[in-house]
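**Student:** Handing you a structure now.
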Amino acid sequence: MSETKTGQETNPAIRTVASTQSEMTEIILPNDTNTLGNLLGGRLMHFIDLTGAMAAYRHARTYVVTAAMDHIDFIQPVHLGDLVTLKSSVNRAFTTSMEVGVKVWAEDTRTGTVSHVASAYLVFVAVDEHGNKRRVPAVKPETPNELRRYEDALRRREYREAEVLRRKEARKAMAAFKDRS
Ligand SMILES: CC(C)(COP(=O)(O)OP(=O)(O)OC[C@H]1O[C@@H](n2cnc3c(N)ncnc32)[C@H](O)[C@@H]1OP(=O)(O)O)[C@@H](O)C(=O)NCCC(=O)NCCS
């Protein structure tokens with residue numbers, strides 16, 4: 001059995017949420033903002049995607065691709081010069097996919113005030129170097145909050161699957177309608 005530098009097994013059947021926790025801090029520069037001097041939503045989504053992928057990589061220990069970014073709340077604007085900190089962890093793993101939660105805070109560097117500005121859920125799929133899907137270890141929640149997120153992740157997966165099915169049916173119905181007209 002091989003181990004990483006931190007003594008973590010590279011291919012265990014189960015991993016703790018804590019072992020996937022990741023963090024990134026960025027300073028908001030003029031290139032990141034709109035004409036009002038607020039952080040662009042798309043730029044924030046990019047940071048969220050990167051931080052989410054870090055947790056997914058730590059869980060899967062192989063390549064990961066973003067399958068979905070399905071719930072994102074922009075709670076407050078982030079201003080030019082703020083420090084943005086993003087924290088992520090894997091909420092639950094399924095067969096080849098993982099749901100990752102990302103929470104974002106902004107710090108006003110002049111006052112030191114820290115505000116929760118956004119939260120998001122993403123799904124990553126583990127793949128090998130040829131793009132073939134790979135199984136991922138299960139997740140072991142260890143705290144009441146981790147357990148709540150673990151259970152909620154299953155509900156969100158069911159909702160996502162129902163949505164994918166609904167969209168497929170809608171496309172089929174639209175194609176049938178076009179064929180008739
Ligand atoms: C994501 C991707 C690998 C899924 O491949 P696929 O062959 O359609 O996948 P499957 O239907 O076999 O599902 C594989 C897993 O992905 C999950 N998945 C697939 N589409 C999903 C979606 N839209 N939302 C959430 N999960 C999804 C499935 O639930 C399944 O999870 P499980 O193995 O844990 O049960 C494929 O669609 C892909 O490569 N997409 C592009 C990814 C990319 O380039 N991302 C960057 C964005 S620019």
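Letters A, B, ... mark the chains of the structure tokens in the order given; residue numbers begin at 1 per chain; ligand numbers begin at 1, in order shown.
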Could you tell me, as a PyMOL selection string, which residues of chain A DSSP assigns to strand (DSSP E or B) when given the backbone?

**Tutor:** chain A and resi 3+9+14-16+22-27+33+38-39+63-74+79+83-93+97-107+114-127+133+138-140

**Student:** Residues within 12 Å of ligand 1 (only C-alpha atoms and all ligand atoms), as a ChimeraX atom specification?

**Tutor:** /A:45-46,49-50,53,60,63-71,92-100,121-128,130-138,153-154,156-165,167-168

**Student:** Can you tell me, as a CSV table (one decimal) with N, CA, C and O atoms, in the first residue's frame, what residues are no more than 8 Å from Gly81 (chain A) when counting only C-alpha atoms, ignoring any on the same chain fewer than 4 positions away?

**Tutor:**
chain,number,residue,atom,x,y,z
A,27,ILE,N,-6.5,38.1,-3.9
A,27,ILE,CA,-6.9,39.6,-3.7
A,27,ILE,C,-7.6,40.0,-5.0
A,27,ILE,O,-7.2,39.6,-6.1
A,28,ILE,N,-8.6,40.8,-4.8
A,28,ILE,CA,-9.4,41.2,-6.0
A,28,ILE,C,-8.8,42.4,-6.6
A,28,ILE,O,-8.7,43.5,-6.0
A,29,LEU,N,-8.4,42.3,-7.9
A,29,LEU,CA,-7.7,43.3,-8.6
A,29,LEU,C,-8.6,43.9,-9.7
A,29,LEU,O,-9.7,43.3,-10.0
A,108,ASP,N,-12.7,42.8,4.1
A,108,ASP,CA,-12.4,44.2,3.7
A,108,ASP,C,-11.1,44.5,4.4
A,108,ASP,O,-11.0,44.4,5.6
A,109,THR,N,-10.1,44.7,3.6
A,109,THR,CA,-8.7,44.8,4.2
A,109,THR,C,-8.5,46.1,5.0
A,109,THR,O,-7.6,46.1,5.9

**Student:** Just how far from CA of Val139 (chain A) is CA of Ala13 (chain A), in Å to one decimal?

**Tutor:**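 Result for CA of Ala13 (chain A) versus CA of Val139 (chain A): 8.8 Å, one decimal.
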
**Student:** Find the residue from A:Ala118, A:Met54, A:Ile72, A:Leu83 that sits nearest to Thr25 (chain A); use only C-alpha atoms when measuring.

**Tutor:**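 Selected residue with least distance to Thr25 (chain A): A:Leu83.
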